[in-house]
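To keep things clear, I will list the structure first and then write my remarks on it.
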2 protein chains.
Amino acid sequence: MNPNTAVEQLHSIDRECRHLEKTTALLQWDQETQLPPGAVEDRAEQIALVQSIWHRKLTDPQTGRLLDELGADEQTPGGDEKLPRLERDFCRVFRRNYDRAVKLPEDLVRDAARAEGLSQAAWVEARQANDFASFVPHLTAMIDFARKKARCWGFEGPRAYDGLLDLYEPGLTAAETEALFTPLKEGLSALLQKIARAAPPETSFLDREYKVEEQVRFNRELMEGLGFDTRRGRLDISVHPFTSSLGFNDIRITTRYAPANVLSSVFSTIHESGHAFYELGLSPELQGSCLAEGASMAVHESQSRLWENVIGRSLPFWEWWLPRLKARFPEQLLGVAPEAFYRAVNQVRPSLIRVDADEVSYALHIILRFELEKQLFAGSLRVEDLPGAWNRLMKDLIGVTPPSDTAGVLQDVHWSMGSFGYFPSYALGNLYGLQIWEKLRQDLPETGTLIREGKFEILYQWLREKIYRSGCRVEPAALLAQVTGEKLSVNPFLRYLKDKYTVLYGL
Amino acid sequence: MNPNTAVEQLHSIDRECRHLEKTTALLQWDQETQLPPGAVEDRAEQIALVQSIWHRKLTDPQTGRLLDELGADEQTPGGDEKLPRLERDFCRVFRRNYDRAVKLPEDLVRDAARAEGLSQAAWVEARQANDFASFVPHLTAMIDFARKKARCWGFEGPRAYDGLLDLYEPGLTAAETEALFTPLKEGLSALLQKIARAAPPETSFLDREYKVEEQVRFNRELMEGLGFDTRRGRLDISVHPFTSSLGFNDIRITTRYAPANVLSSVFSTIHESGHAFYELGLSPELQGSCLAEGASMAVHESQSRLWENVIGRSLPFWEWWLPRLKARFPEQLLGVAPEAFYRAVNQVRPSLIRVDADEVSYALHIILRFELEKQLFAGSLRVEDLPGAWNRLMKDLIGVTPPSDTAGVLQDVHWSMGSFGYFPSYALGNLYGLQIWEKLRQDLPETGTLIREGKFEILYQWLREKIYRSGCRVEPAALLAQVTGEKLSVNPFLRYLKDKYTVLYGL
């Protein structure tokens, strides 16, 4: 068969897989934003069915034959050298997806998908009722499914956790993660100790009531002001903020609102917008292809956390946005200057909740989850003992003890969906993000001025050219080397924090 | 094979088909309520793919073999007499669905589904821009697909329209429809002429501005007050109100809001709640089966129109609801008594828009569409000439001429989705509805008191037992005979209108 014909057939299979993946994503997005509570069981069945059809399509023997024909095997995954570069990248990524999928029996895929739907609904209820015990059987099942999948991928027994990390950051092991997290923990703890001795900023204006309806309007203004094209996406409400791609031109983000916590909705919106910008910035030539994905979860998180923290918690950002927020909340923010607001949104203090944590202690929340995941998959921690282990580690790392499991082990959605090995991406994202940001600052020395004048488009375009456009054509390490010339390191991130907080807290 | 084993296998196929049908329904519901405008093309592909997978599943040769094995053929569609009655009904309905689907080539299903998605989006734009010309190619394609499907079902050439009517009201022909519509048109025209000579009611309080936010709150209160269980459904906004079943416990309705037209949102909500009550009232033993459908589209519309008009436009209804509406709009409704509101919501006057029409002239809007559909499928009317034909018939039947195509031929979504033969269901629904209502009044003579006291639950329970519970286990004519002992007739409907409007207008 002519290689171009074979590639065209692979694209046709891939397009169907993508439509089924996006359909699954809609079923899930709808579950988290719209679904009536009585419909959870039917929805789990629907998701399980569509996922199993998708899995069957992807693992059809015809897919393997076409990949083999193109010479896209494990040694030369990019296949036939006569193909254009784009198609060779496509063959390589498709080969990886196929290899991963074909190793999973369809029953496992379907059973896991069904159980995930029910588990996630059980988590919502357990979290509301502060009832970890009711969630134990679901979490146990999720761990069991994850272990089975890891085994299918060749990660037996104690190596199971490596198999899960690999899913989000290709090739990453627990040992390599630890090699980064150890100096990270030391650097953060040292900085936190210094900050703890300094005077805290004035934040009383954040404790006032911020009406939800007005917050909703501000968040819309904010996402659009940052450059979110609402012809290609939307903003909704969910228990746990997330971004979902339901199509190349359908990127949906969510946030959550509480009258007593205006910062929560605002920074969730900025964070998820960062994810959305990655998806919205993919090159149109990737539309409908498996290349239309982020390079890895950590690179994806590098962008959400960069927009949220490095841009969103900067002084120039609030020089632009505070007047706009004040227009909606004139009484609550009377007399508050940008500098004061900047200090308040960067208040460093022990937090129980990861998504509300300041950027200095945030990665410690991740290290906590990483430690617990390792123990769960090593078999040295039982699910029943998780709340106790969580609370002890919180005390050790952050210095606080959750008053309830709702504010502790039940706070995150990830485990309920079987997403183990995902959390490290957030902290790795900080590392990627700051290495990329140092380069951006070199290329655009006037960054502060651009932000202060609301010209976010120029930052977006730089990031788009360097990172977003290529989707997952380039592996994360190669992408980082291509943009910065460096390997992944904790230094730029620690340097950024030290510089910023030394000034902020007068250390 | 043991007949119980064969039935269990059929149920398993049917359940997968239902999940795919509901997934398609979600993709469509989302398109009409949530989808970013840039994502329309991807969505059309997604819908087309899931529909084609559903079609392939339903028409799998294994389905036909199991039906044959059970003896469920065209002569004895209910199959094996050793099966319980419920399973025989299941075999009969599944046989009909299978026979209908297996006659359609998969390519036609997929191409039509994709084109419908694009056509519906094109209709939204054409309607907004009053640009019928831009919609012509889509409408032409929709008619072409419908004609092809009718041909597959054995309805050739001039009989094509019978094949489409049969889809919504099994066995109904254009000639039979006409035999009902002719006396209906005469009865309605005679009544309208009398009303035209009487003094119109006072309606100026309806012309005031009713804030949309407050309307939203009232419509929620209304749906819940009528008995809509929001654990099993929800209310959203769309261009054209509709009801969609996304699962046995996931029935979603939509309405639309305009500050200048409070009645539009209110009566749309009641109408769609009537559809929802049918779905929510199905017997739990039908869950996940093809029997969990209304008996026919006309019987379904009988319920929406019964709740909207016979209940919703009655004096006792507003004796209960007006104080609640007034609590939200005290200034707009200052000094308005229930009797005055009742007269206003029953104002009879020529309307351009079907869904805003009074219940006397409403069926004339349907007769107009029926006439045009007949001509389109007979080939005696070209799509390009449709606006002119529409406007002439509007003048003849209703006495008004649309100032724009937006307020004329472009007002309804149905044709854009290829739903030809659907419109007659609305008028037939009025006939079914009033025959059922006469029986309900005999069984529950205190109906007026129940409504006046907000006890809608008792009406719902009567309708549930008589109509909703059995889903499509019983054919429409048999169901009507079972409940009322009669054949379908225009008399109860015309009698109801004459009685009501003679008093209202002092004729």
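If you're wondering about the labels, chains in the structure tokens are A, B, ... by order shown, residues count from 1 in each chain, ligands from 1 in order shown.
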
Which residues of chain B sit at most 9 Å from chain A, using only C-alpha atoms? Give each one's shortest atom pair and distance in Å (one decimal place), in chain and ascending residue order, as a tab-separated table.
```
residue	atom	partner	partner_atom	distance
B:Glu16	CA	A:Leu49	CA	7.3
B:His19	CA	A:Gln46	CA	5.3
B:Leu20	CA	A:Gln46	CA	7.3
B:Lys22	CA	A:Gln46	CA	8.0
B:Thr23	CA	A:Gln46	CA	6.9
B:Leu26	CA	A:Leu27	CA	7.7
B:Leu27	CA	A:Thr23	CA	7.6
B:Asp30	CA	A:Leu26	CA	8.7
B:Gln34	CA	A:Arg234	CA	8.2
B:Leu35	CA	A:Asp250	CA	7.4
B:Pro36	CA	A:Arg231	CA	5.3
B:Pro37	CA	A:Arg231	CA	5.3
B:Gly38	CA	A:Arg232	CA	5.2
B:Ala39	CA	A:Asn249	CA	4.9
B:Val40	CA	A:Asn249	CA	8.6
B:Asp42	CA	A:Gly247	CA	6.4
B:Arg43	CA	A:Gly247	CA	7.7
B:Glu45	CA	A:His19	CA	7.4
B:Gln46	CA	A:His19	CA	5.3
B:Ile47	CA	A:Thr23	CA	8.7
B:Leu49	CA	A:Glu16	CA	7.3
B:Val50	CA	A:Leu20	CA	7.8
B:Ile53	CA	A:Ile53	CA	8.9
B:Thr230	CA	A:Pro36	CA	6.8
B:Arg231	CA	A:Gly38	CA	5.3
B:Arg232	CA	A:Gly38	CA	5.2
B:Gly233	CA	A:Pro36	CA	5.5
B:Arg234	CA	A:Pro36	CA	6.8
B:Leu246	CA	A:Ala39	CA	8.8
B:Gly247	CA	A:Asp42	CA	6.4
B:Phe248	CA	A:Ala39	CA	7.4
B:Asn249	CA	A:Ala39	CA	4.9
B:Asp250	CA	A:Ala39	CA	5.5
B:Ile251	CA	A:Pro36	CA	8.7
B:Gly288	CA	A:Asp42	CA	8.8
```

Output C-alpha atoms for every residue in the selection just made, as a PDB file, in the first residue's frame.
```pdb
ATOM      1  CA  GLU B  16     -26.735  -0.427  24.174  1.00  0.00           C
ATOM      2  CA  HIS B  19     -27.393   4.427  25.591  1.00  0.00           C
ATOM      3  CA  LEU B  20     -26.252   5.472  22.109  1.00  0.00           C
ATOM      4  CA  LYS B  22     -29.337   9.074  24.740  1.00  0.00           C
ATOM      5  CA  THR B  23     -25.734  10.006  23.970  1.00  0.00           C
ATOM      6  CA  LEU B  26     -27.031  14.826  24.784  1.00  0.00           C
ATOM      7  CA  LEU B  27     -24.887  15.890  21.825  1.00  0.00           C
ATOM      8  CA  ASP B  30     -25.833  20.516  24.230  1.00  0.00           C
ATOM      9  CA  GLN B  34     -24.490  25.232  25.336  1.00  0.00           C
ATOM     10  CA  LEU B  35     -22.363  24.766  22.230  1.00  0.00           C
ATOM     11  CA  PRO B  36     -19.916  27.539  21.322  1.00  0.00           C
ATOM     12  CA  PRO B  37     -20.729  28.745  17.797  1.00  0.00           C
ATOM     13  CA  GLY B  38     -17.329  27.726  16.414  1.00  0.00           C
ATOM     14  CA  ALA B  39     -17.885  24.071  17.302  1.00  0.00           C
ATOM     15  CA  VAL B  40     -20.882  23.319  15.111  1.00  0.00           C
ATOM     16  CA  ASP B  42     -17.229  19.062  14.877  1.00  0.00           C
ATOM     17  CA  ARG B  43     -20.496  18.477  16.677  1.00  0.00           C
ATOM     18  CA  GLU B  45     -19.462  14.875  12.907  1.00  0.00           C
ATOM     19  CA  GLN B  46     -19.768  13.600  16.468  1.00  0.00           C
ATOM     20  CA  ILE B  47     -23.538  13.162  16.159  1.00  0.00           C
ATOM     21  CA  LEU B  49     -20.672   9.026  14.109  1.00  0.00           C
ATOM     22  CA  VAL B  50     -22.641   8.051  17.221  1.00  0.00           C
ATOM     23  CA  ILE B  53     -22.708   3.261  15.473  1.00  0.00           C
ATOM     24  CA  THR B 230     -35.627  18.298  39.556  1.00  0.00           C
ATOM     25  CA  ARG B 231     -33.664  15.308  40.799  1.00  0.00           C
ATOM     26  CA  ARG B 232     -34.692  13.738  37.477  1.00  0.00           C
ATOM     27  CA  GLY B 233     -34.456  16.670  35.086  1.00  0.00           C
ATOM     28  CA  ARG B 234     -33.702  20.342  34.520  1.00  0.00           C
ATOM     29  CA  LEU B 246     -31.131  11.955  28.019  1.00  0.00           C
ATOM     30  CA  GLY B 247     -31.846   8.989  30.276  1.00  0.00           C
ATOM     31  CA  PHE B 248     -34.706   7.458  32.235  1.00  0.00           C
ATOM     32  CA  ASN B 249     -33.954   9.880  35.077  1.00  0.00           C
ATOM     33  CA  ASP B 250     -32.694  12.781  32.976  1.00  0.00           C
ATOM     34  CA  ILE B 251     -35.535  14.632  31.272  1.00  0.00           C
ATOM     35  CA  GLY B 288     -33.509   0.906  29.583  1.00  0.00           C
TER      36      GLY B 288
END
```

| field | Ser268 of chain A surroundings by only C-alpha atoms, 7 Å radius, close-in-sequence under 3 positions cut, as a PyMOL selection string | value | chain A and resi 241+255+264-265+271-272

With only C-alpha atoms counted and 9 Å as the cut-off, give the residues of segment 416-506 of chain A in contact with segment 88-95 of chain A, each with its shortest interatomic distance in Å and the pair that gives it, as a Markdown table.
```
| residue | atom | partner | partner_atom | distance |
| --- | --- | --- | --- | --- |
| A:Cys472 | CA | A:Val93 | CA | 7.9 |
| A:Arg473 | CA | A:Asp89 | CA | 5.7 |
| A:Val474 | CA | A:Asp89 | CA | 8.1 |
```

Output file for the selection above: N, CA and C atoms, as a short mmCIF file (atom, residue, chain, number, x, y, z; two decimals), in the first residue's frame:
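Listed below is the output, again-v1.cif:
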```cif
data_model
loop_
_atom_site.label_atom_id
_atom_site.label_comp_id
_atom_site.auth_asym_id
_atom_site.auth_seq_id
_atom_site.Cartn_x
_atom_site.Cartn_y
_atom_site.Cartn_z
N CYS A 472 1.31 17.71 20.76
CA CYS A 472 2.22 16.70 21.32
C CYS A 472 3.17 16.15 20.26
N ARG A 473 3.45 16.97 19.23
CA ARG A 473 4.42 16.54 18.22
C ARG A 473 5.80 16.36 18.83
N VAL A 474 6.12 17.19 19.84
CA VAL A 474 7.45 17.17 20.46
C VAL A 474 7.31 16.66 21.89
#
```

| In segment 46-293 of chain B, DSSP strand (DSSP E or B) residues written as a count of residues only | 13

Check which residues of segment 336-430 of chain B sit at most 9 Å from segment 291-307 of chain B using only C-alpha atoms, and return one row each with the closest pair of atoms and their distance in Å to one decimal, ordered by chain and rising number, as JSON lines.
```
{"residue": "B:Tyr422", "atom": "CA", "partner": "B:Met297", "partner_atom": "CA", "distance": 7.6}
{"residue": "B:Pro424", "atom": "CA", "partner": "B:Ala298", "partner_atom": "CA", "distance": 7.8}
{"residue": "B:Ser425", "atom": "CA", "partner": "B:Ala298", "partner_atom": "CA", "distance": 4.1}
{"residue": "B:Tyr426", "atom": "CA", "partner": "B:Glu301", "partner_atom": "CA", "distance": 5.5}
{"residue": "B:Ala427", "atom": "CA", "partner": "B:Ala298", "partner_atom": "CA", "distance": 7.8}
{"residue": "B:Leu428", "atom": "CA", "partner": "B:Ala298", "partner_atom": "CA", "distance": 5.6}
{"residue": "B:Gly429", "atom": "CA", "partner": "B:Ser302", "partner_atom": "CA", "distance": 3.7}
{"residue": "B:Asn430", "atom": "CA", "partner": "B:Ser302", "partner_atom": "CA", "distance": 5.5}
```

| request: Please provide the set of residues having any atom within 9 Å of Phe329 of chain B, restricted to only C-alpha atoms, with same-chain residues fewer than 2 positions apart removed, written as a PyMOL selection string. | output: chain B and resi 210-211+214-215+324-327+331-334

Residues near Val360 of chain B, anyone? I mean within 10 Å using only C-alpha atoms, not counting same-chain ones fewer than 5 positions away, as a short mmCIF file (atom, residue, chain, number, x, y, z; two decimals) with N, CA and C atoms, in the first residue's frame.
```
data_model
loop_
_atom_site.label_atom_id
_atom_site.label_comp_id
_atom_site.auth_asym_id
_atom_site.auth_seq_id
_atom_site.Cartn_x
_atom_site.Cartn_y
_atom_site.Cartn_z
N GLY B 187 -64.59 24.05 11.73
CA GLY B 187 -65.04 24.38 13.08
C GLY B 187 -64.28 25.57 13.65
N LEU B 188 -62.96 25.58 13.45
CA LEU B 188 -62.14 26.65 14.01
C LEU B 188 -62.43 27.98 13.31
N SER B 189 -62.56 27.94 11.99
CA SER B 189 -62.81 29.18 11.24
C SER B 189 -64.14 29.79 11.66
N LEU B 191 -65.67 29.47 14.52
CA LEU B 191 -65.54 30.04 15.87
C LEU B 191 -64.75 31.35 15.84
N LEU B 192 -63.68 31.35 15.04
CA LEU B 192 -62.84 32.56 14.94
C LEU B 192 -63.62 33.75 14.41
N ILE B 195 -65.64 35.17 17.18
CA ILE B 195 -64.81 35.86 18.18
C ILE B 195 -64.34 37.21 17.64
N ASN B 346 -56.05 34.16 27.25
CA ASN B 346 -56.87 33.48 26.25
C ASN B 346 -57.31 34.42 25.15
N GLN B 347 -56.60 35.53 25.04
CA GLN B 347 -56.93 36.45 23.96
C GLN B 347 -56.77 35.74 22.60
N VAL B 348 -57.80 35.85 21.80
CA VAL B 348 -57.76 35.24 20.46
C VAL B 348 -57.47 36.35 19.46
N ARG B 349 -56.37 36.23 18.78
CA ARG B 349 -56.05 37.21 17.74
C ARG B 349 -55.05 36.58 16.79
N PRO B 350 -55.12 37.01 15.54
CA PRO B 350 -54.23 36.41 14.54
C PRO B 350 -52.78 36.59 14.98
N PHE B 493 -62.64 18.27 21.10
CA PHE B 493 -61.82 19.47 21.04
C PHE B 493 -62.67 20.68 20.63
N LEU B 494 -63.46 20.53 19.57
CA LEU B 494 -64.29 21.65 19.12
C LEU B 494 -65.32 22.02 20.19
N LEU B 497 -63.57 24.04 22.92
CA LEU B 497 -63.31 25.43 22.51
C LEU B 497 -64.59 26.25 22.49
N LYS B 498 -65.66 25.66 21.94
CA LYS B 498 -66.92 26.40 21.83
C LYS B 498 -67.43 26.77 23.22
N TYR B 501 -64.93 29.49 24.87
CA TYR B 501 -64.86 30.82 24.26
C TYR B 501 -66.21 31.49 24.16
#
```
